[in-house]
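Enquirer: Sharing run16.txt, compact mmCIF, C-alpha atoms:
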# COMPACT_ATOMS: atom_id res chain seq x y z
CA MET A 1 26.25 15.70 -16.63
CA SER A 2 24.37 15.17 -19.89
CA ASP A 3 24.07 12.29 -22.31
CA PRO A 4 24.45 13.65 -25.89
CA SER A 5 22.54 10.70 -27.31
CA ARG A 6 19.47 11.71 -25.27
CA SER A 7 19.80 15.50 -25.30
CA GLN A 8 18.87 16.14 -28.95
CA ALA A 9 15.50 15.98 -30.68
CA ALA A 10 14.94 12.51 -32.10
CA PRO A 11 12.76 11.10 -34.88
CA PRO A 12 9.51 9.41 -33.83
CA HIS A 13 10.89 5.87 -34.06
CA VAL A 14 13.49 6.45 -31.31
CA PRO A 15 12.45 4.69 -28.07
CA ARG A 16 11.54 7.02 -25.23
CA ARG A 17 11.25 6.69 -21.46
CA PHE A 18 8.02 7.37 -19.59
CA LEU A 19 7.64 7.52 -15.81
CA PHE A 20 4.16 7.26 -14.25
CA VAL A 21 3.84 8.85 -10.80
CA VAL A 22 0.79 7.42 -9.07
CA PRO A 23 -0.83 7.44 -5.62
CA PRO A 24 -1.62 4.29 -3.60
CA LEU A 25 -5.18 4.28 -4.98
CA VAL A 26 -6.29 1.43 -7.23
CA GLY A 27 -8.65 3.58 -9.29
CA HIS A 28 -5.81 5.97 -10.14
CA VAL A 29 -3.30 3.25 -11.08
CA ASN A 30 -5.59 1.14 -13.26
CA PRO A 31 -5.95 3.69 -16.12
CA THR A 32 -2.16 3.86 -16.46
CA LEU A 33 -1.86 0.13 -17.09
CA GLY A 34 -3.32 0.21 -20.59
CA VAL A 35 -1.32 3.29 -21.54
CA ALA A 36 1.88 1.72 -20.26
CA ALA A 37 1.16 -1.50 -22.16
CA GLU A 38 0.61 0.47 -25.37
CA LEU A 39 3.83 2.46 -24.91
CA THR A 40 5.75 -0.74 -24.22
CA ALA A 41 4.30 -2.38 -27.33
CA ARG A 42 5.62 0.59 -29.34
CA GLY A 43 9.13 -0.06 -28.07
CA HIS A 44 9.34 2.51 -25.29
CA GLN A 45 10.54 2.00 -21.71
CA VAL A 46 8.04 2.47 -18.88
CA ALA A 47 8.40 2.70 -15.12
CA TRP A 48 6.30 3.75 -12.15
CA ALA A 49 7.04 5.81 -9.04
CA GLY A 50 4.77 4.91 -6.14
CA MET A 51 4.26 2.35 -3.42
CA PRO A 52 5.27 -1.11 -4.70
CA GLU A 53 2.84 -2.77 -2.28
CA VAL A 54 -0.03 -1.20 -4.22
CA VAL A 55 1.42 -0.49 -7.66
CA GLY A 56 3.29 -3.77 -8.07
CA ARG A 57 0.18 -5.79 -7.28
CA LEU A 58 -1.64 -4.08 -10.15
CA THR A 59 1.13 -3.93 -12.74
CA GLY A 60 2.14 -7.55 -12.31
CA GLN A 61 5.59 -9.10 -12.29
CA GLY A 62 8.39 -7.55 -14.27
CA ALA A 63 7.30 -3.92 -13.94
CA THR A 64 9.85 -1.36 -12.75
CA VAL A 65 8.50 0.43 -9.69
CA TYR A 66 10.59 3.04 -7.87
CA ARG A 67 9.68 3.07 -4.20
CA CYS A 68 8.08 6.17 -2.72
CA ALA A 69 6.94 6.64 0.85
CA GLY A 70 3.59 8.01 1.91
CA PRO A 71 0.30 7.36 3.68
CA VAL A 72 -2.39 5.05 2.34
CA LEU A 73 -5.94 6.39 2.38
CA GLY A 74 -7.93 4.49 4.97
CA GLU A 75 -4.95 3.63 7.16
CA GLY A 76 -3.53 5.48 10.13
CA GLY A 77 -3.77 9.26 9.97
CA ALA A 78 -5.29 9.21 6.49
CA GLY A 79 -8.40 7.34 7.57
CA ARG A 80 -11.52 9.46 7.22
CA PRO A 81 -14.49 9.07 9.55
CA PRO A 82 -17.41 7.70 7.51
CA ASP A 83 -19.57 10.74 8.20
CA VAL A 84 -17.04 13.28 6.82
CA ARG A 85 -18.48 14.44 3.50
CA GLY A 86 -18.95 17.54 1.35
CA PRO A 87 -16.43 20.41 1.73
CA ALA A 88 -15.16 18.85 4.98
CA ALA A 89 -14.22 15.68 3.10
CA LEU A 90 -12.36 17.70 0.45
CA ARG A 91 -10.42 19.56 3.13
CA PHE A 92 -9.65 16.31 4.95
CA LEU A 93 -8.52 14.68 1.71
CA TRP A 94 -5.97 17.41 0.94
CA GLU A 95 -4.77 18.21 4.46
CA ARG A 96 -4.55 14.68 5.80
CA PHE A 97 -3.75 12.67 2.69
CA LEU A 98 -2.78 14.41 -0.56
CA VAL A 99 -0.43 17.08 0.85
CA PRO A 100 1.35 14.62 3.21
CA LEU A 101 1.48 12.16 0.30
CA ALA A 102 3.16 14.77 -1.93
CA GLU A 103 5.79 15.63 0.66
CA ALA A 104 6.48 11.98 1.47
CA MET A 105 6.73 10.95 -2.19
CA ALA A 106 8.91 13.86 -3.36
CA PRO A 107 12.32 12.31 -2.50
CA GLY A 108 11.37 9.02 -4.15
CA VAL A 109 10.06 10.79 -7.25
CA ALA A 110 13.28 12.80 -7.52
CA LYS A 111 15.36 9.63 -7.21
CA ALA A 112 13.23 7.88 -9.84
CA ILE A 113 13.65 10.77 -12.27
CA GLU A 114 17.41 10.94 -11.71
CA GLU A 115 17.89 7.18 -12.12
CA PHE A 116 15.35 6.41 -14.87
CA ARG A 117 15.87 9.72 -16.71
CA PRO A 118 12.43 9.85 -18.35
CA ASP A 119 11.61 11.90 -21.41
CA VAL A 120 8.18 12.53 -19.90
CA VAL A 121 6.76 12.19 -16.40
CA ILE A 122 3.04 11.35 -16.27
CA ALA A 123 1.79 12.60 -12.91
CA ASP A 124 -1.59 11.60 -11.53
CA GLN A 125 -3.67 14.71 -10.92
CA GLN A 126 -3.82 14.01 -7.19
CA THR A 127 -0.13 13.07 -6.95
CA VAL A 128 1.15 16.61 -7.20
CA ALA A 129 4.68 15.56 -6.26
CA GLY A 130 5.02 14.25 -9.81
CA GLY A 131 4.47 17.57 -11.53
CA LEU A 132 6.23 19.68 -8.91
CA VAL A 133 9.39 17.58 -8.79
CA ALA A 134 9.53 17.12 -12.59
CA GLU A 135 9.19 20.87 -13.09
CA ARG A 136 11.89 21.55 -10.52
CA LEU A 137 14.25 19.13 -12.24
CA GLY A 138 13.53 20.46 -15.71
CA VAL A 139 11.69 17.42 -17.09
CA ARG A 140 8.56 17.66 -19.21
CA TRP A 141 5.43 16.32 -17.55
CA ALA A 142 1.85 15.47 -18.39
CA THR A 143 -1.18 15.13 -16.12
CA SER A 144 -3.12 11.88 -15.81
CA ALA A 145 -6.67 12.93 -14.86
CA THR A 146 -8.59 9.90 -13.67
CA THR A 147 -11.55 12.13 -12.82
CA SER A 148 -12.94 15.12 -14.66
CA ALA A 149 -14.20 16.93 -11.54
CA GLU A 150 -11.15 19.18 -11.33
CA PHE A 151 -11.76 20.85 -14.69
CA THR A 152 -15.55 20.98 -14.88
CA GLY A 153 -15.90 24.08 -12.69
CA ALA A 154 -17.20 22.07 -9.74
CA LEU A 155 -15.80 24.66 -7.30
CA ASP A 156 -16.97 27.73 -9.20
CA GLY A 157 -19.76 28.29 -6.69
CA LEU A 158 -17.40 27.80 -3.76
CA PRO A 159 -14.77 30.55 -4.15
CA LYS A 160 -13.46 30.22 -0.59
CA ILE A 161 -12.75 26.51 -1.06
CA ASP A 162 -11.17 27.17 -4.46
CA ALA A 163 -8.93 29.86 -2.94
CA TRP A 164 -8.04 27.60 -0.02
CA LEU A 165 -7.05 24.82 -2.43
CA ASP A 166 -4.88 27.23 -4.43
CA GLY A 167 -3.17 28.15 -1.17
CA GLN A 168 -2.47 24.48 -0.48
CA MET A 169 -0.83 24.18 -3.91
CA ASP A 170 1.35 27.24 -3.26
CA GLU A 171 2.51 25.93 0.11
CA VAL A 172 3.42 22.45 -1.08
CA ARG A 173 5.21 23.94 -4.12
CA GLY A 174 7.33 26.02 -1.77
CA ARG A 175 8.39 22.90 0.10
CA ILE A 176 9.05 20.39 -2.71
CA GLY A 177 8.87 22.29 -6.02
CA ASP A 178 10.19 25.42 -7.68
CA PRO A 179 9.08 28.38 -5.52
CA GLU A 180 9.38 30.69 -8.53
CA SER A 181 6.84 28.76 -10.56
CA THR A 182 3.15 29.53 -10.74
CA ALA A 183 1.90 26.46 -12.64
CA ASP A 184 -0.92 24.52 -11.00
CA PRO A 185 0.51 21.01 -10.39
CA ARG A 186 -2.93 19.51 -11.12
CA PHE A 187 -2.80 20.75 -14.73
CA SER A 188 0.31 20.25 -16.82
CA PRO A 189 1.02 23.30 -19.00
CA ASP A 190 1.60 20.91 -21.93
CA LEU A 191 -0.84 18.00 -21.72
CA VAL A 192 -3.75 16.81 -19.56
CA LEU A 193 -4.94 13.29 -20.39
CA ALA A 194 -8.61 12.97 -19.43
CA PHE A 195 -9.83 9.39 -19.22
CA THR A 196 -13.37 10.34 -20.20
CA THR A 197 -15.14 12.18 -23.02
CA GLU A 198 -17.24 15.30 -23.33
CA GLU A 199 -20.22 13.02 -23.96
CA LEU A 200 -20.08 12.26 -20.23
CA ALA A 201 -18.06 15.07 -18.66
CA GLY A 202 -19.39 18.03 -20.63
CA ARG A 203 -17.32 21.00 -21.80
CA PRO A 204 -14.30 21.85 -19.63
CA ALA A 205 -14.39 25.04 -17.59
CA ARG A 206 -10.60 25.22 -17.18
CA ALA A 207 -7.44 23.95 -18.90
CA GLY A 208 -9.51 23.23 -22.00
CA ASP A 209 -6.66 24.03 -24.38
CA ARG A 210 -4.50 21.33 -22.81
CA ILE A 211 -7.08 18.60 -22.22
CA ARG A 212 -7.12 15.60 -24.52
CA TYR A 213 -10.19 13.44 -24.00
CA VAL A 214 -9.02 9.89 -24.60
CA GLY A 215 -11.80 7.94 -22.89
CA PRO A 216 -11.16 5.13 -20.40
CA SER A 217 -7.96 3.14 -20.64
CA ILE A 218 -9.29 -0.40 -20.54
CA ALA A 219 -6.69 -3.15 -20.36
CA GLU A 220 -6.31 -6.64 -19.01
CA ARG A 221 -5.29 -6.76 -15.38
CA PRO A 222 -3.42 -9.46 -13.50
CA ALA A 223 -5.91 -11.99 -12.13
CA THR A 224 -6.27 -11.42 -8.38
CA THR A 225 -9.33 -13.46 -7.48
CA ASP A 226 -11.47 -16.33 -8.64
CA PHE A 227 -15.15 -16.03 -9.44
CA PRO A 228 -17.80 -18.79 -9.78
CA TRP A 229 -18.85 -17.94 -13.31
CA GLU A 230 -21.13 -20.97 -13.40
CA TRP A 231 -23.30 -19.26 -10.74
CA LEU A 232 -24.46 -16.63 -13.24
CA ASP A 233 -27.53 -17.57 -15.25
CA PRO A 234 -27.10 -16.26 -18.83
CA GLU A 235 -30.88 -16.21 -19.25
CA ARG A 236 -31.47 -13.63 -16.51
CA PRO A 237 -30.30 -10.06 -15.87
CA ALA A 238 -27.52 -9.55 -13.34
CA VAL A 239 -26.70 -6.58 -11.11
CA LEU A 240 -23.36 -5.60 -9.56
CA VAL A 241 -23.32 -3.63 -6.28
CA THR A 242 -19.96 -2.06 -5.40
CA LEU A 243 -18.65 0.89 -3.42
CA GLY A 244 -15.10 0.64 -4.73
CA THR A 245 -12.02 0.14 -2.58
CA ALA A 246 -11.92 3.39 -0.55
CA ASN A 247 -15.51 3.80 0.64
CA THR A 248 -16.56 0.56 2.26
CA ASP A 249 -15.97 2.01 5.74
CA ALA A 250 -19.15 4.01 5.18
CA GLY A 251 -21.10 1.30 3.43
CA ALA A 252 -22.52 -1.22 5.92
CA ARG A 253 -26.02 0.24 6.03
CA PHE A 254 -26.12 0.93 2.28
CA LEU A 255 -25.05 -2.60 1.34
CA THR A 256 -27.64 -4.03 3.71
CA GLU A 257 -30.38 -1.94 2.09
CA CYS A 258 -29.20 -3.07 -1.34
CA ARG A 259 -29.42 -6.69 -0.23
CA GLU A 260 -32.98 -6.20 0.97
CA ALA A 261 -33.92 -4.47 -2.30
CA VAL A 262 -32.69 -7.34 -4.45
CA ARG A 263 -34.11 -9.98 -2.10
CA ALA A 264 -37.53 -8.46 -2.74
CA ARG A 265 -36.96 -9.14 -6.43
CA ALA A 266 -35.80 -12.74 -6.07
CA GLY A 267 -36.26 -14.71 -9.25
CA ARG A 268 -36.16 -11.64 -11.52
CA PHE A 269 -32.39 -11.07 -11.57
CA GLN A 270 -29.18 -12.12 -9.84
CA THR A 271 -27.01 -9.79 -7.77
CA VAL A 272 -23.31 -9.76 -6.89
CA ILE A 273 -22.51 -7.60 -3.84
CA VAL A 274 -18.86 -6.61 -3.33
CA ASP A 275 -17.93 -6.28 0.35
CA PRO A 276 -14.10 -6.07 0.52
CA GLU A 277 -13.87 -5.14 4.19
CA GLY A 278 -16.63 -7.44 5.38
CA VAL A 279 -18.61 -4.49 6.73
CA ARG A 280 -21.88 -6.29 6.10
CA THR A 281 -20.54 -9.83 6.40
CA PRO A 282 -17.60 -9.71 8.86
CA ASP A 283 -16.82 -13.40 8.45
CA ALA A 284 -16.94 -13.46 4.65
CA PRO A 285 -13.91 -15.28 3.19
CA ASP A 286 -11.62 -13.88 0.51
CA THR A 287 -13.33 -16.07 -2.07
CA PRO A 288 -16.96 -15.63 -3.12
CA ASP A 289 -19.52 -16.68 -0.51
CA ALA A 290 -22.25 -19.14 -0.93
CA PRO A 291 -25.66 -17.43 -0.97
CA ASP A 292 -26.32 -15.47 2.23
CA THR A 293 -29.09 -17.79 3.41
CA PRO A 294 -31.07 -20.61 1.81
CA ASP A 295 -33.51 -17.88 0.67
CA ASP A 296 -30.74 -15.88 -1.04
CA LYS A 297 -30.25 -18.04 -4.10
CA ASP A 298 -29.91 -14.97 -6.26
CA VAL A 299 -27.47 -13.00 -4.07
CA LEU A 300 -23.73 -13.63 -4.02
CA VAL A 301 -21.47 -11.71 -1.60
CA CYS A 302 -17.78 -11.43 -2.52
CA ARG A 303 -14.80 -9.76 -0.93
CA TYR A 304 -13.32 -9.12 -4.40
CA VAL A 305 -14.43 -9.60 -7.99
CA PRO A 306 -12.75 -9.45 -11.40
CA GLN A 307 -14.64 -6.27 -12.26
CA LEU A 308 -13.87 -5.83 -15.96
CA PRO A 309 -14.87 -9.32 -17.13
CA LEU A 310 -17.82 -9.29 -14.73
CA LEU A 311 -19.17 -6.08 -16.25
CA GLU A 312 -19.51 -7.90 -19.57
CA ARG A 313 -22.23 -9.99 -17.93
CA MET A 314 -24.05 -7.22 -16.03
CA SER A 315 -27.35 -5.51 -16.85
CA ALA A 316 -27.03 -2.73 -14.24
CA VAL A 317 -24.55 -1.47 -11.65
CA VAL A 318 -25.20 0.16 -8.28
CA CYS A 319 -22.17 2.14 -7.15
CA HIS A 320 -20.75 5.19 -5.37
CA ALA A 321 -20.16 7.14 -8.61
CA GLY A 322 -16.41 6.63 -8.47
CA HIS A 323 -15.02 7.81 -11.80
CA ASN A 324 -13.23 4.57 -12.64
CA THR A 325 -16.22 2.37 -11.86
CA VAL A 326 -18.61 4.66 -13.76
CA CYS A 327 -16.42 4.79 -16.86
CA GLU A 328 -15.76 1.05 -16.90
CA THR A 329 -19.50 0.42 -16.54
CA LEU A 330 -20.45 2.80 -19.35
CA TRP A 331 -17.67 1.38 -21.53
CA HIS A 332 -19.74 -1.81 -21.45
CA GLY A 333 -22.97 0.08 -22.19
CA VAL A 334 -24.43 -0.72 -18.76
CA PRO A 335 -26.72 1.78 -16.97
CA LEU A 336 -26.16 2.83 -13.37
CA VAL A 337 -27.76 3.62 -10.04
CA VAL A 338 -25.32 6.08 -8.45
CA ALA A 339 -25.13 6.93 -4.76
CA PRO A 340 -22.26 9.44 -4.34
CA ILE A 341 -20.56 9.62 -0.95
CA ARG A 342 -17.82 12.30 -1.11
CA ASP A 343 -14.90 13.82 -3.04
CA ASP A 344 -15.58 13.97 -6.80
CA GLN A 345 -18.42 11.47 -6.65
CA PRO A 346 -21.33 13.99 -6.59
CA VAL A 347 -19.87 15.63 -9.72
CA VAL A 348 -19.53 12.30 -11.52
CA ALA A 349 -23.03 11.27 -10.42
CA ALA A 350 -24.43 14.47 -11.91
CA GLN A 351 -22.63 13.69 -15.18
CA VAL A 352 -24.24 10.24 -15.30
CA VAL A 353 -27.71 11.68 -14.74
CA ASP A 354 -27.19 14.52 -17.24
CA ALA A 355 -26.09 11.97 -19.85
CA GLY A 356 -29.30 10.00 -19.23
CA ALA A 357 -27.29 6.89 -18.34
CA GLY A 358 -28.45 6.39 -14.77
CA VAL A 359 -30.47 7.33 -11.72
CA ARG A 360 -29.11 9.04 -8.60
CA VAL A 361 -30.11 8.11 -5.05
CA ARG A 362 -29.01 9.67 -1.76
CA PHE A 363 -26.37 7.49 -0.16
CA GLY A 364 -27.13 8.46 3.42
CA ARG A 365 -30.90 8.08 3.11
CA ALA A 366 -31.34 5.31 0.56
CA ARG A 367 -33.70 2.55 1.66
CA ALA A 368 -34.48 -0.80 0.11
CA ALA A 369 -37.76 0.38 -1.46
CA GLY A 370 -36.17 3.36 -3.21
CA LEU A 371 -33.15 1.38 -4.32
CA GLY A 372 -35.42 -1.29 -5.76
CA GLU A 373 -37.39 1.30 -7.69
CA ALA A 374 -34.19 2.84 -9.04
CA LEU A 375 -32.99 -0.59 -10.17
CA ASP A 376 -36.32 -1.31 -11.85
CA THR A 377 -36.02 2.01 -13.70
CA VAL A 378 -32.56 1.41 -15.20
CA LEU A 379 -33.22 -2.26 -15.87
CA TYR A 380 -36.57 -2.00 -17.57
CA GLU A 381 -36.74 1.50 -19.12
CA PRO A 382 -34.64 1.14 -22.30
CA GLY A 383 -33.63 4.81 -22.54
CA TYR A 384 -31.02 4.36 -19.82
CA ARG A 385 -29.25 1.53 -21.61
CA ILE A 386 -29.43 3.44 -24.90
CA ALA A 387 -27.75 6.44 -23.23
CA ALA A 388 -25.14 4.21 -21.58
CA GLU A 389 -24.34 2.64 -24.94
CA ARG A 390 -24.05 6.11 -26.51
CA VAL A 391 -21.50 7.18 -23.91
CA GLY A 392 -19.69 3.87 -24.33
CA ALA A 393 -19.49 4.47 -28.07
CA SER A 394 -17.92 7.89 -27.44
CA PHE A 395 -15.35 6.21 -25.20
CA ARG A 396 -14.33 3.80 -27.94
CA ALA A 397 -14.16 6.54 -30.54
CA ALA A 398 -11.83 8.58 -28.30
CA GLY A 399 -9.11 5.95 -28.65
CA GLY A 400 -8.33 5.08 -25.03
CA ALA A 401 -4.81 3.88 -24.32
CA THR A 402 -3.82 4.10 -27.99
CA ALA A 403 -4.73 7.79 -28.18
CA ALA A 404 -3.10 8.53 -24.82
CA ALA A 405 0.15 6.88 -25.92
CA GLY A 406 0.14 8.94 -29.10
CA HIS A 407 -0.24 12.20 -27.20
CA LEU A 408 2.60 11.22 -24.87
CA GLU A 409 4.86 10.34 -27.78
CA ALA A 410 4.16 13.72 -29.35
CA LEU A 411 5.04 15.46 -26.09
CA ALA A 412 8.26 13.47 -25.76
CA GLU A 413 9.30 14.46 -29.26
CA LYS A 414 8.77 18.20 -28.94
CA THR A 415 11.61 20.32 -30.24
CA GLY A 416 14.42 20.50 -27.74
CA GLY A 417 14.67 16.84 -26.92
CA HIS A 418 15.18 15.26 -23.54
CA ALA A 419 16.02 17.51 -20.61
CA THR A 420 18.55 15.79 -18.39
CA PRO A 421 17.41 16.12 -14.76
CA THR A 422 19.33 18.65 -12.75
CA PRO A 423 21.08 16.88 -9.83
CA GLU A 424 19.75 17.94 -6.43
CA GLY A 425 23.15 19.14 -5.36
CA ASP A 426 23.45 21.50 -8.32
CA ARG A 427 20.21 23.36 -7.67
What's the structure tokens form of this structure?

Expert:
Amino acid sequence: MSDPSRSQAAPPHVPRRFLFVVPPLVGHVNPTLGVAAELTARGHQVAWAGMPEVVGRLTGQGATVYRCAGPVLGEGGAGRPPDVRGPAALRFLWERFLVPLAEAMAPGVAKAIEEFRPDVVIADQQTVAGGLVAERLGVRWATSATTSAEFTGALDGLPKIDAWLDGQMDEVRGRIGDPESTADPRFSPDLVLAFTTEELAGRPARAGDRIRYVGPSIAERPATTDFPWEWLDPERPAVLVTLGTANTDAGARFLTECREAVRARAGRFQTVIVDPEGVRTPDAPDTPDAPDTPDDKDVLVCRYVPQLPLLERMSAVVCHAGHNTVCETLWHGVPLVVAPIRDDQPVVAAQVVDAGAGVRVRFGRARAAGLGEALDTVLYEPGYRIAAERVGASFRAAGGATAAAGHLEALAEKTGGHATPTPEGDR
């Protein structure tokens, strides 16, 4: 059954419907928030398909979230042993998390499409159920690429892994998508939104004709934690140490070495260490700790921090080279010490170093002395901040959420108008 009012091409001012399909990963949801806010401000309707327990917490009250099932990375069968890295980590990620996630989310995504009837589905690059189900139901879809690793040729030197991953895509398509299709669900045939720029990511090795570099989508987020802003001394540099939300299981030793490195520099700068799982401080409360010991006047350990506003006050960041954290840091013109652990992080770390915006250390072998030297380098050698500011300027010029919303509007208004989803029973 079709709706004539939504089946014809419409002028640009006609409100459209956009459905974001996202995984239960904070770093993949956050970039969609600014884009969704921009689309809403332009009069369009926006909804999400994902896990409300994760998505709803980030979008805030009032957002429409269609429930999808699926595993959460770090819980149950999706939990990776801390020492699984390199190609083994990639295989684990797809076999134990992303493929099961796609199959579990597919029914919920189909229901969301049939009920919300979007003009465009925006599928996270690692939530392949979004593209596969949208294609099967005849709805246009775009890719939300929250990391550039997939189209920089990172697997060019690993043909067996690349072929294995293609096989995974074929198998999951046969189960939840259109078996006759050959499109890679990680790359929409119409539009790939890359939340970075070539200034950081370099030239694309694949899907270059479809990629639109929009830079990070930076937007206000619902306040989830307090922070003792009065603790920060505006007269001294400050350093943030974070391993993101999905890597702290591997981080106890690294965070301890970081603490020792900054302790040795007491009086020169302040340091905020983020320890969400309490791996270094098992009894740490949900609110920021007092200094570790009476000697740690310049070290604050927190379970959670308001990262975006905190970055405005930072002089350097030590992190795992997660794409979201790196881009948000460079957006603020702050140089980095990157210690990649697994997945796309080595690729992103290499991009930071190639751009001149940071120093790389080995996560598994980093010691306090080396970490301290790396911090001294990015804090006191001005070239790193200059490079970080250059990348940040490219991010702003790319347009962020505003540019992304414009590309999505253009896709929604392509000749042919809205394609009414084909009911499951009619396939």

Enquirer: One decimal, Å: what's the distance from atom CA of Val299 of chain A over to atom CA of Thr271 of chain A, could you say?

Expert: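 Separation of atom CA of Val299 of chain A and atom CA of Thr271 of chain A: 4.9 Å.
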
Enquirer: Between atom CA of Thr196 of chain A and atom CA of Ile341 of chain A, what distance in Å does the model show, to one decimal?

Expert: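 These two atoms are separated by 20.6 Å.
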
Enquirer: Hey, which of A:Arg342, A:His407, A:His332, A:Arg313 ends up closest to Ala89 of chain A? Count all atoms listed in the file.

Expert: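 The closest residue to Ala89 of chain A is A:Arg342.
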
Enquirer: Using all atoms of segment 51-54 of chain A listed in the file and a margin of 3 Å per side, can you give the axis-aligned box centre and edge lengths in Å to one decimal, as lines of an AutoDock Vina configuration file?

Expert:
center_x = 2.6
center_y = -0.2
center_z = -3.5
size_x = 11.3
size_y = 11.1
size_z = 8.4

Enquirer: Atom CA of Gly333 of chain A and atom CA of Ala405 of chain A, how far apart in Å?

Expert: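 It comes out at 24.4 Å.
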